[in-house]
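These notes concern the structure reproduced below.
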Amino acid sequence: MSTSPTPPPPPPPGPPPAPRVTIKDVAALAGVSKGAVSLAFNRKPGLADATRDRIFAAARELGWAPNLAARSLSSRRVDVVGLAICRPAKQLGLEPFYMEFISGVESVLTERSCSLLLRLVRNLEEEVGLQDAWWRGRQVSGSILVDFRADDPRVAAVRRLGVPVVAVGHPSLTGGLTSVWTDDATAVTEAVRYLAALGHRRIARVGGAAALGHTAIRTAAFDQAARELRLAGAWQVATDFSGEAGARATRSLLTGAGDDRPTAIVYDNDIMAVAGLSVAAEMGVRVPEEVSLLAWDDSQLCRLTRPTLSAMSHDVHGFGADVARTLFEVIAGSGASRPAATPVLVPRGSTATAP
């Protein structure tokens with residue numbers, strides 16, 4: 001009599017599957033209600049910024065994001081564009097460049113019934129976290145990135161997240177991201193050659209923050225132009241773009257005597273040039289008879305001073321609009337990098353032949 005083989009024992013049970021993270025878990029970790037989580041992730045009013053940030057931090061910690069399939073289906077709809085700027089609030093309010101740039105961005109967003117989400121951050125690491133929160137929280141449809149540094153950590157971060165972005169910076173700084181930029185090197189070279197053609201052999205530049213990529217590009221271009229023109233003196237001073245720093249730099253440059261003092265100064269923005277003009281008046285140095293001053297960007301400030309300021313003129317409003325249009329193209333899957341118009345020289349009353 002044959003018997004059936006005894007079936008093998010069932011395998012031991014494996015570890016139970018990890019519980020699915022839910023909105024309730026996010027709410028519990030953040031110490032808020034489920035309704036508050038919903039408000040945060042649907043960009044609804046009614047939450048303090050600190051509460052909203054705490055909710056996004058809890059979601060990141062738990063690896064939770066709401067309704068990713070729905071977000072994918074609606075990914076081409078643009079409601080909000082993000083822009084983070086690493087500048088003190090007080091300084092940003094006085095900086096003509098960013099006011100005009102944001103105005104240009106807004107002009108395009110308004111046409112499309114979209115909004116700009118603007119945040120000021122203390123450093124790039126904070127912005128990386130902010131971009132993560134914005135994207136995972138469906139707060140933005142894309143972002144504009146500004147003020148690039150060498151080996152900028154935002155490049156890898158936005159690639160990892162898949163955020164549609166436009167990088168405002170030279171392609172050598174932006175790691176292959178779609179970029180819109182101005183040719184700073186050519187503009188600096190033109191400025192130095194113009195002053196040299198007026199007979200200036202001792203030229204200084206009051207630049208921006210040394211860590212910024214476009215500052216480094218301008219610095220290298222100034223050095224190269226000074227070498228090619230065999231200037232008798234060439235000075236460069238790094239600042240934080242503020243009027244106070246521009247005034248200090250100008251005062252330091254003008255305290256020299258004879259060959260230790262420049263006869264022309266180029267500034268990296270308008271507000272520093274205006275401050276430099278005030279310092280020259282304070283020190284009894286006549287502009288342009290004893291020193292020529294050349295500003296950058298050419299905002300209304302340049303035409304309100306006496307004498308009016310010569311400048312490397314740049315349509316900053318149009319630049320911002322071009323950046324915004326490029327971002328919409330990126331979101332639609334067709335954006336391409338391109339240069340904007342190069343700043344051009346506009347001579348006015350603050351430059352003249354060398355003394």
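Note on naming: chains are A, B, ... as they come in the structure tokens, residues start from 1 per chain, ligands start from 1 in the order shown.
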Name all residues at most 10 Å from Gly199 in chain A (count only C-alpha atoms; drop same-chain ones fewer than 2 positions away) and give them as a list in words. Arg193, Tyr194, Leu195, Ala196, Ala197, Arg201, Arg202, Thr263, Ala264, Ala352, Thr353, Ala354 and Pro355 of chain A
If you count only C-alpha atoms, which residues fall within 12 Å of range 19-28 of chain A, apart from same-chain ones fewer than 4 positions away, as a short mmCIF file (atom, residue, chain, number, x, y, z; two decimals) with N, CA, C and O atoms, in the first residue's frame?
data_model
loop_
_atom_site.label_atom_id
_atom_site.label_comp_id
_atom_site.auth_asym_id
_atom_site.auth_seq_id
_atom_site.Cartn_x
_atom_site.Cartn_y
_atom_site.Cartn_z
N PRO A 15 9.11 38.96 7.43
CA PRO A 15 8.76 40.15 8.21
C PRO A 15 7.52 40.81 7.63
O PRO A 15 7.32 40.82 6.41
N VAL A 32 0.00 68.45 14.25
CA VAL A 32 -1.11 69.24 13.72
C VAL A 32 -2.24 68.28 13.34
O VAL A 32 -2.11 67.05 13.45
N SER A 33 -3.34 68.82 12.87
CA SER A 33 -4.46 68.00 12.41
C SER A 33 -4.24 67.57 10.96
O SER A 33 -3.41 68.15 10.24
N LYS A 34 -5.02 66.57 10.53
CA LYS A 34 -4.94 66.15 9.13
C LYS A 34 -5.38 67.29 8.21
O LYS A 34 -4.85 67.44 7.10
N GLY A 35 -6.32 68.08 8.67
CA GLY A 35 -6.77 69.22 7.87
C GLY A 35 -5.67 70.22 7.62
O GLY A 35 -5.56 70.80 6.54
N ALA A 36 -4.79 70.42 8.64
CA ALA A 36 -3.67 71.34 8.46
C ALA A 36 -2.70 70.81 7.42
O ALA A 36 -2.15 71.58 6.61
N VAL A 37 -2.46 69.51 7.43
CA VAL A 37 -1.59 68.92 6.41
C VAL A 37 -2.17 69.14 5.02
O VAL A 37 -1.47 69.50 4.07
N SER A 38 -3.47 68.95 4.91
CA SER A 38 -4.13 69.15 3.62
C SER A 38 -4.01 70.61 3.16
O SER A 38 -3.73 70.88 2.00
N LEU A 39 -4.19 71.54 4.10
CA LEU A 39 -4.05 72.96 3.76
C LEU A 39 -2.64 73.26 3.24
O LEU A 39 -2.46 73.97 2.25
N ALA A 40 -1.63 72.70 3.92
CA ALA A 40 -0.24 72.96 3.54
C ALA A 40 0.06 72.45 2.14
O ALA A 40 0.66 73.14 1.32
N PHE A 41 -0.38 71.22 1.86
CA PHE A 41 -0.01 70.61 0.59
C PHE A 41 -0.88 71.06 -0.57
O PHE A 41 -0.56 70.79 -1.73
N THR A 51 4.40 76.69 10.82
CA THR A 51 3.60 75.44 10.84
C THR A 51 3.71 74.72 9.51
O THR A 51 3.88 73.50 9.46
N ARG A 52 3.61 75.50 8.44
CA ARG A 52 3.70 74.89 7.10
C ARG A 52 5.06 74.22 6.92
O ARG A 52 5.15 73.08 6.42
N ARG A 54 7.00 73.06 9.24
CA ARG A 54 7.08 71.88 10.11
C ARG A 54 6.35 70.68 9.47
O ARG A 54 6.81 69.54 9.55
N ILE A 55 5.25 70.96 8.81
CA ILE A 55 4.52 69.88 8.12
C ILE A 55 5.35 69.30 6.99
O ILE A 55 5.46 68.08 6.82
N PHE A 56 5.97 70.19 6.19
CA PHE A 56 6.79 69.69 5.07
C PHE A 56 8.00 68.91 5.59
O PHE A 56 8.40 67.91 4.98
N ALA A 57 8.58 69.36 6.70
CA ALA A 57 9.72 68.64 7.27
C ALA A 57 9.29 67.24 7.72
O ALA A 57 10.02 66.26 7.53
N ALA A 58 8.11 67.14 8.34
CA ALA A 58 7.61 65.83 8.78
C ALA A 58 7.36 64.91 7.58
O ALA A 58 7.69 63.72 7.61
N ALA A 59 6.80 65.48 6.51
CA ALA A 59 6.54 64.68 5.31
C ALA A 59 7.85 64.17 4.70
O ALA A 59 7.94 63.00 4.28
N ARG A 60 8.86 65.03 4.68
CA ARG A 60 10.16 64.58 4.14
C ARG A 60 10.75 63.48 5.01
O ARG A 60 11.30 62.50 4.49
N GLU A 61 10.66 63.64 6.32
CA GLU A 61 11.22 62.63 7.23
C GLU A 61 10.56 61.27 7.04
O GLU A 61 11.21 60.22 7.09
N LEU A 62 9.26 61.29 6.79
CA LEU A 62 8.51 60.03 6.63
C LEU A 62 8.50 59.54 5.18
O LEU A 62 8.04 58.44 4.90
N GLY A 63 9.00 60.35 4.25
CA GLY A 63 9.00 59.96 2.85
C GLY A 63 7.62 59.95 2.24
O GLY A 63 7.30 59.14 1.37
N TRP A 64 6.77 60.87 2.69
CA TRP A 64 5.38 60.90 2.23
C TRP A 64 5.15 62.08 1.29
O TRP A 64 5.66 63.18 1.52
N ALA A 65 4.40 61.85 0.23
CA ALA A 65 3.96 62.93 -0.66
C ALA A 65 2.54 62.61 -1.09
O ALA A 65 2.21 61.45 -1.33
N PRO A 66 1.69 63.61 -1.20
CA PRO A 66 0.29 63.34 -1.51
C PRO A 66 0.03 63.15 -2.99
O PRO A 66 0.56 63.88 -3.81
N ASN A 67 -0.75 62.16 -3.31
CA ASN A 67 -1.37 62.05 -4.63
C ASN A 67 -0.40 62.30 -5.77
O ASN A 67 -0.61 63.17 -6.61
#
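Nearest to Gly318 in chain A of all the residues A:Leu301, A:Ala150, A:Cys86, A:Val105 is A:Val105, counting only C-alpha atoms.
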Based on DSSP run over this structure's backbone, return all residues of range 61-242 of chain A in alpha helix (DSSP H), as a ChimeraX atom specification. /A:61-62,68-73,89-94,96-111,124-136,153-161,184-197,213-229
Tell me which protein, DNA and RNA residues are within 12 Å of Val108 in chain A, counting only C-alpha atoms, leaving out same-chain ones fewer than 3 positions away, and put them as a list of chain:residue names.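 Residues meeting the cut-off are A:Val81, A:Phe101, A:Ile102, A:Ser103, A:Gly104, A:Val105, A:Glu111, A:Arg112, A:Ser113, A:Cys114, A:Ser115, A:Leu116, A:His317, A:Gly318, A:Phe319, A:Gly320, A:Ala321, A:Asp322, A:Val323, A:Ala324, A:Arg325, A:Thr326, A:Leu327, A:Phe328.
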Same residues, C-alpha atoms, saved as a PDB file, in the first residue's frame:
ATOM      1  CA  VAL A  81       6.589  79.790  -9.843  1.00  0.00           C
ATOM      2  CA  PHE A 101      14.123  91.515 -12.536  1.00  0.00           C
ATOM      3  CA  ILE A 102      11.137  90.455 -10.414  1.00  0.00           C
ATOM      4  CA  SER A 103       8.982  93.003 -12.215  1.00  0.00           C
ATOM      5  CA  GLY A 104       9.938  91.394 -15.523  1.00  0.00           C
ATOM      6  CA  VAL A 105       9.132  87.909 -14.220  1.00  0.00           C
ATOM      7  CA  GLU A 111      -0.310  87.294 -18.557  1.00  0.00           C
ATOM      8  CA  ARG A 112      -0.781  83.631 -17.661  1.00  0.00           C
ATOM      9  CA  SER A 113      -2.701  84.183 -14.397  1.00  0.00           C
ATOM     10  CA  CYS A 114       0.161  82.701 -12.379  1.00  0.00           C
ATOM     11  CA  SER A 115       1.742  83.760  -9.077  1.00  0.00           C
ATOM     12  CA  LEU A 116       5.316  84.195  -7.875  1.00  0.00           C
ATOM     13  CA  HIS A 317      13.001  93.971 -16.813  1.00  0.00           C
ATOM     14  CA  GLY A 318      13.252  92.298 -20.221  1.00  0.00           C
ATOM     15  CA  PHE A 319      15.798  89.859 -18.820  1.00  0.00           C
ATOM     16  CA  GLY A 320      13.357  88.776 -16.090  1.00  0.00           C
ATOM     17  CA  ALA A 321      10.579  88.371 -18.634  1.00  0.00           C
ATOM     18  CA  ASP A 322      12.828  86.242 -20.854  1.00  0.00           C
ATOM     19  CA  VAL A 323      13.703  84.020 -17.885  1.00  0.00           C
ATOM     20  CA  ALA A 324      10.020  83.516 -17.047  1.00  0.00           C
ATOM     21  CA  ARG A 325       9.115  82.656 -20.640  1.00  0.00           C
ATOM     22  CA  THR A 326      11.973  80.153 -20.752  1.00  0.00           C
ATOM     23  CA  LEU A 327      10.673  78.473 -17.592  1.00  0.00           C
ATOM     24  CA  PHE A 328       7.250  77.977 -19.193  1.00  0.00           C
TER      25      PHE A 328
END
Between A:Ala238, A:Val206, A:Leu177, A:Leu212, single out the one closest to Tyr267 in chain A, counting only C-alpha atoms. A:Val206
Each residue of range 211-257 of chain A with at least one atom at most 10 Å from range 91-97 of chain A should appear once, together with its nearest atom pair and the corresponding distance in Å (one decimal); atoms considered: only C-alpha atoms; ordering: chain, then increasing residue number; output as a tab-separated table.
residue	atom	partner	partner_atom	distance
A:Asp240	CA	A:Gln91	CA	9.4
A:Phe241	CA	A:Glu95	CA	8.3
A:Ser242	CA	A:Gln91	CA	6.6
A:Gly243	CA	A:Leu94	CA	8.8
Env of range 117-129 of chain A: 9 Å cut, atoms = only C-alpha atoms, seq-sep filter 6 positions within chain, self excluded. Answer as a list in words.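 What passes the distance filter is Ala57, Val80, Val81, Gly82, Leu83, Ala84, Ile85, Cys86, Arg87, Pro88, Ala89, Gln139, Val140, Asp152, Pro153, Arg154, Ala157 and Val158 of chain A.
Nearest-residue note for Ser179 in chain A: choosing from A:Arg338, A:Arg230, A:Arg251, A:Arg348, the minimum distance belongs to A:Arg338, counting only C-alpha atoms.
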